[in-house]
Each structure stands twice: as C-alpha cells, then as structure tokens.
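Trainee: As input, take run.cif (mmCIF, C-alpha atoms and all ligand atoms):
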```
data_query
loop_
_atom_site.label_atom_id
_atom_site.label_comp_id
_atom_site.auth_asym_id
_atom_site.auth_seq_id
_atom_site.Cartn_x
_atom_site.Cartn_y
_atom_site.Cartn_z
CA MET A 1 109.01 105.32 132.92
CA LYS A 2 110.82 102.17 134.08
CA ASP A 3 112.98 100.24 131.62
CA LYS A 4 110.85 97.13 132.12
CA ASP A 5 107.69 99.05 131.20
CA LEU A 6 109.27 100.43 128.03
CA MET A 7 110.40 96.93 127.10
CA ARG A 8 106.89 95.61 127.73
CA LEU A 9 105.53 98.21 125.29
CA ALA A 10 108.12 97.22 122.67
CA LEU A 11 106.96 93.61 123.00
CA ALA A 12 103.37 94.77 122.47
CA ALA A 13 104.36 96.88 119.45
CA ARG A 14 106.06 93.86 117.92
CA ARG A 15 102.70 92.12 117.64
CA MET A 16 101.73 94.69 114.99
CA SER A 17 104.76 93.87 112.83
CA TYR A 18 104.11 93.33 109.13
CA ALA A 19 106.97 91.07 108.08
CA PRO A 20 105.75 88.43 105.60
CA TYR A 21 109.03 88.45 103.64
CA SER A 22 111.69 88.17 106.35
CA ASP A 23 109.50 86.58 109.03
CA TYR A 24 111.52 88.70 111.47
CA GLN A 25 109.20 90.79 113.61
CA VAL A 26 110.52 93.87 115.42
CA GLY A 27 108.85 96.19 117.92
CA ALA A 28 110.03 99.49 119.35
CA ALA A 29 108.83 101.82 122.09
CA LEU A 30 110.25 105.34 121.97
CA LEU A 31 110.26 107.52 125.07
CA GLY A 32 109.98 111.26 124.51
CA GLU A 33 111.49 114.01 126.62
CA ASP A 34 107.89 114.80 127.56
CA GLU A 35 107.47 111.19 128.85
CA SER A 36 105.21 110.27 125.94
CA VAL A 37 105.68 106.83 124.39
CA THR A 38 105.39 106.17 120.66
CA LEU A 39 105.28 102.61 119.37
CA GLY A 40 106.62 101.28 116.09
CA CYS A 41 106.99 98.00 114.24
CA ASN A 42 108.73 96.99 111.05
CA VAL A 43 106.59 97.36 107.96
CA GLU A 44 107.79 95.36 104.97
CA ASN A 45 106.95 95.63 101.31
CA ALA A 46 106.86 93.31 98.29
CA SER A 47 109.46 95.70 96.89
CA TYR A 48 111.88 94.85 99.70
CA GLY A 49 113.77 98.14 99.71
CA ALA A 50 110.61 99.99 100.66
CA THR A 51 110.64 98.31 104.09
CA CYS A 52 110.76 100.50 107.18
CA CYS A 53 112.37 99.33 110.43
CA ALA A 54 110.47 99.42 113.71
CA GLU A 55 112.71 102.11 115.19
CA ARG A 56 112.25 104.48 112.27
CA THR A 57 108.53 103.84 112.20
CA ALA A 58 108.42 104.99 115.84
CA VAL A 59 110.64 108.03 115.27
CA PHE A 60 108.77 109.18 112.18
CA LYS A 61 105.41 108.70 113.85
CA ALA A 62 106.55 110.71 116.89
CA VAL A 63 108.16 113.53 114.91
CA SER A 64 105.09 113.81 112.71
CA GLU A 65 103.06 114.24 115.88
CA GLY A 66 105.21 117.10 117.13
CA LYS A 67 107.78 115.31 119.31
CA LYS A 68 111.38 116.12 118.54
CA ARG A 69 113.51 114.98 121.51
CA PHE A 70 113.82 111.44 122.82
CA THR A 71 115.55 109.93 125.83
CA ALA A 72 115.16 106.17 125.39
CA ILE A 73 114.04 103.44 123.01
CA ALA A 74 113.30 99.79 123.73
CA ILE A 75 113.66 97.30 120.89
CA THR A 76 112.77 93.65 120.59
CA GLY A 77 112.88 91.34 117.61
CA GLY A 78 112.87 87.79 116.43
CA SER A 79 111.18 85.22 114.28
CA GLY A 80 107.88 84.02 115.69
CA GLU A 81 108.34 83.05 119.32
CA ARG A 82 112.14 82.95 119.07
CA LEU A 83 113.36 86.36 120.14
CA ASN A 84 116.97 87.48 120.02
CA MET A 85 118.93 90.66 120.68
CA ALA A 86 117.72 92.88 117.84
CA TYR A 87 120.37 95.58 117.79
CA PRO A 88 119.28 98.59 115.75
CA CYS A 89 120.62 98.88 112.22
CA GLY A 90 123.01 101.66 111.26
CA VAL A 91 120.37 103.74 109.51
CA CYS A 92 118.12 103.66 112.58
CA ARG A 93 121.03 104.63 114.84
CA GLN A 94 121.64 107.66 112.66
CA VAL A 95 117.96 108.61 112.64
CA LEU A 96 117.84 108.36 116.46
CA ARG A 97 120.96 110.55 116.55
CA GLU A 98 119.09 113.38 114.84
CA PHE A 99 116.61 113.72 117.69
CA SER A 100 118.61 112.91 120.82
CA GLU A 101 121.76 113.59 122.80
CA PRO A 102 123.94 110.51 122.08
CA SER A 103 125.47 110.36 125.56
CA GLU A 104 122.05 110.52 127.20
CA MET A 105 119.88 108.58 124.78
CA ARG A 106 119.39 105.06 126.15
CA VAL A 107 118.90 102.09 123.84
CA LEU A 108 117.41 98.97 125.43
CA VAL A 109 117.62 95.77 123.43
CA GLY A 110 116.04 92.64 124.78
CA THR A 111 113.94 89.55 124.52
CA SER A 112 111.68 90.06 127.54
CA VAL A 113 111.03 92.42 130.45
CA ASP A 114 113.63 90.45 132.41
CA ASP A 115 116.25 90.03 129.72
CA PHE A 116 117.58 93.19 128.11
CA GLU A 117 120.82 95.08 127.63
CA ALA A 118 121.15 98.85 127.99
CA TYR A 119 123.47 101.05 125.95
CA THR A 120 123.79 104.72 125.23
CA LEU A 121 123.40 105.75 121.61
CA GLU A 122 126.96 107.06 121.83
CA GLU A 123 128.20 103.53 122.53
CA LEU A 124 126.35 102.18 119.50
CA LEU A 125 127.20 105.12 117.22
CA PRO A 126 130.47 106.69 118.36
CA LYS A 127 131.89 109.85 116.79
CA SER A 128 128.62 110.48 115.04
CA PHE A 129 127.56 113.15 112.60
CA GLY A 130 124.60 115.18 113.78
CA PRO A 131 122.56 118.33 113.35
CA ASP A 132 124.92 120.29 115.60
CA PHE A 133 127.96 119.48 113.44
CA LYS A 134 129.51 122.57 111.92
CA GLY A 135 132.71 121.02 110.53
N1 LIG B 1 114.55 95.55 111.13
C1 LIG B 1 114.09 96.44 112.04
O1 LIG B 1 112.87 96.63 112.17
N2 LIG B 1 114.98 97.13 112.77
C2 LIG B 1 116.33 97.01 112.68
O2 LIG B 1 117.07 97.75 113.31
C3 LIG B 1 116.91 95.96 111.82
C4 LIG B 1 115.95 95.27 110.93
C5 LIG B 1 113.60 94.82 110.30
C6 LIG B 1 113.65 95.18 108.85
C7 LIG B 1 113.07 93.93 108.22
O3 LIG B 1 111.66 94.05 108.21
C8 LIG B 1 113.45 92.81 109.16
O4 LIG B 1 113.85 93.44 110.37
C9 LIG B 1 114.57 91.93 108.65
O5 LIG B 1 115.66 92.69 108.27
#
```
Translate this structure into structure tokens?
Ligand code: THU

Mentor:
Amino acid sequence: MKDKDLMRLALAARRMSYAPYSDYQVGAALLGEDESVTLGCNVENASYGATCCAERTAVFKAVSEGKKRFTAIAITGGSGERLNMAYPCGVCRQVLREFSEPSEMRVLVGTSVDDFEAYTLEELLPKSFGPDFKG
C-alpha cells in the first residue's frame, strides 16, 4: 500500500472521531503485515480519562481481530478543518511498540495526502522497552 493511500484512509477514519470535549479529531490507518488496513479514531468520554486515542483504537481493533504485527500507521489530527501534525502520544508509541519492529515500523503523520512526514517508530521511541526485553 502506498503512503498516500494510507494517509487517505487516516483522513477518512478521522471523520468518525468522537471528540466533543477536546474538539480535536484524530484518525489513524494501521497497516498489517498481511497488508490489511484497520482504521481508528479517538473516542472521548464525559469522564475524560476514559478517552481512547485514534492509534490505540486501531491497534486494539486489529489485535482483537487476530492481527498481531504491523508495518505502518498513518495519523492525522486537528480541530475541525484546521489540521496539524498530530504526533502520536507516548502511550500510543508504546502500544505500537508491542506489535511491531521499531526500526521497521513506519509512522506517517500528516495533514493531507500531499503533506506528511515519515518516521520509524524507533526514531519516535528510542531505546524502548518491549516484549522481547529480557533484562
Ligand atoms: N489523541 C489521539 O487520538 N492520539 C494521540 O496520539 C494524541 C491525542 C486524542 C485524544 C483526545 O481525544 C484528543 O486527541 C485531545 O487530546
């Protein structure tokens, strides 16, 4: 799948965002090792701490459907029509780490199919703790 196509899907996922409290809508499109794509959006709650980020929504959906290895995620966020670079929060970086190889997992962050930055998860979460860590 091309980066632009994954970003396009993240933009589509963002339309499902439920963010009445922050008014900051986020969408994510998660690419599996098997080339499947799972979408996610942020889902907020009147009890703010119960909110789930778009990235984790996508990961938890995918894992619950039997997918356990991912190679890329596209993320887009912003308030209304004003999008900005919605870098994933620390908790989401750690959750992505659980199900990917940090040096190979690609994280695309952007505002449109023509405006995005690409990182590896290792760049965003260096020296990480993961399931393979044995001390
Ligand atoms: N949010 C995400 O969906 N992903 C992130 O990585 C950072 C923050 C959401 C959570 C909340 O609904 C809104 O953005 C404002 O923090």

Trainee: Give as a list of chain:residue names the residues surrounding ligand LIG 1 (chain B) up to a distance of 8 Å, considering all atoms listed in the file.

Mentor: A:Tyr18, A:Ala19, A:Tyr21, A:Ser22, A:Asp23, A:Tyr24, A:Gln25, A:Val26, A:Gly27, A:Cys41, A:Asn42, A:Val43, A:Glu44, A:Thr51, A:Cys52, A:Cys53, A:Ala54, A:Glu55, A:Arg56, A:Gly77, A:Ala86, A:Tyr87, A:Pro88, A:Cys89, A:Gly90, A:Val91, A:Cys92

Trainee: Take the residues just selected and output them with C-alpha atoms as a short mmCIF file (atom, residue, chain, number, x, y, z; two decimals), in the coordinates of the input.

Mentor:
```
data_model
loop_
_atom_site.label_atom_id
_atom_site.label_comp_id
_atom_site.auth_asym_id
_atom_site.auth_seq_id
_atom_site.Cartn_x
_atom_site.Cartn_y
_atom_site.Cartn_z
CA TYR A 18 104.11 93.33 109.13
CA ALA A 19 106.97 91.07 108.08
CA TYR A 21 109.03 88.45 103.64
CA SER A 22 111.69 88.17 106.35
CA ASP A 23 109.50 86.58 109.03
CA TYR A 24 111.52 88.70 111.47
CA GLN A 25 109.20 90.79 113.61
CA VAL A 26 110.52 93.87 115.42
CA GLY A 27 108.85 96.19 117.92
CA CYS A 41 106.99 98.00 114.24
CA ASN A 42 108.73 96.99 111.05
CA VAL A 43 106.59 97.36 107.96
CA GLU A 44 107.79 95.36 104.97
CA THR A 51 110.64 98.31 104.09
CA CYS A 52 110.76 100.50 107.18
CA CYS A 53 112.37 99.33 110.43
CA ALA A 54 110.47 99.42 113.71
CA GLU A 55 112.71 102.11 115.19
CA ARG A 56 112.25 104.48 112.27
CA GLY A 77 112.88 91.34 117.61
CA ALA A 86 117.72 92.88 117.84
CA TYR A 87 120.37 95.58 117.79
CA PRO A 88 119.28 98.59 115.75
CA CYS A 89 120.62 98.88 112.22
CA GLY A 90 123.01 101.66 111.26
CA VAL A 91 120.37 103.74 109.51
CA CYS A 92 118.12 103.66 112.58
#
```

Trainee: If we draw a sphere of 8 Å around (104.5, 101.6, 125.5), which residues have at least one atom in it when counting all atoms listed in the file? Please report them as a list in words.

Mentor: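 Checking each residue against the 8 Å limit leaves Asp5, Leu6, Met7, Arg8, Leu9, Ala10, Ala12, Ala13, Ala29, Leu30, Val37, Thr38 and Leu39 of chain A.
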
Trainee: Please identify all polymer residues within 8 Å of Lys61 in chain A, counting all atoms listed in the file, omitting same-chain residues fewer than 4 positions from it, and present them as a list in words.

Mentor: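 What passes the distance filter is Thr38, Gly40, Thr57 and Glu65 of chain A.
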
Trainee: Next, write the just-selected residues to a file, as a PDB file, keeping the file's coordinate frame, keeping C-alpha atoms as the atom set.

Mentor:
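Once written, result31.pdb looks like this:
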```
ATOM      1  CA  THR A  38     105.390 106.170 120.660  1.00  0.00           C
ATOM      2  CA  GLY A  40     106.620 101.280 116.090  1.00  0.00           C
ATOM      3  CA  THR A  57     108.530 103.840 112.200  1.00  0.00           C
ATOM      4  CA  GLU A  65     103.060 114.240 115.880  1.00  0.00           C
TER       5      GLU A  65
END
```

Trainee: Quote the spacing between CA of Gly130 in chain A and CA of Gly32 in chain A in Å to one decimal place.

Mentor: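 According to the coordinates, CA of Gly130 in chain A and CA of Gly32 in chain A are separated by 18.6 Å.
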
Trainee: Quick one: residues within 7 Å of Val107 in chain A, all atoms listed in the file, excluding same-chain residues fewer than 3 positions away - as number ranges by chain?

Mentor: A: 72-74, 118-121

Trainee: Go through A:Glu101, A:Ala58, A:Glu35, A:Ser47 one by one, measure the shortest atom-to-atom distance of each to Ile75 in chain A using only C-alpha atoms, and give the residue with the smallest value.

Mentor: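 Selected residue with least distance to Ile75 in chain A: A:Ala58.
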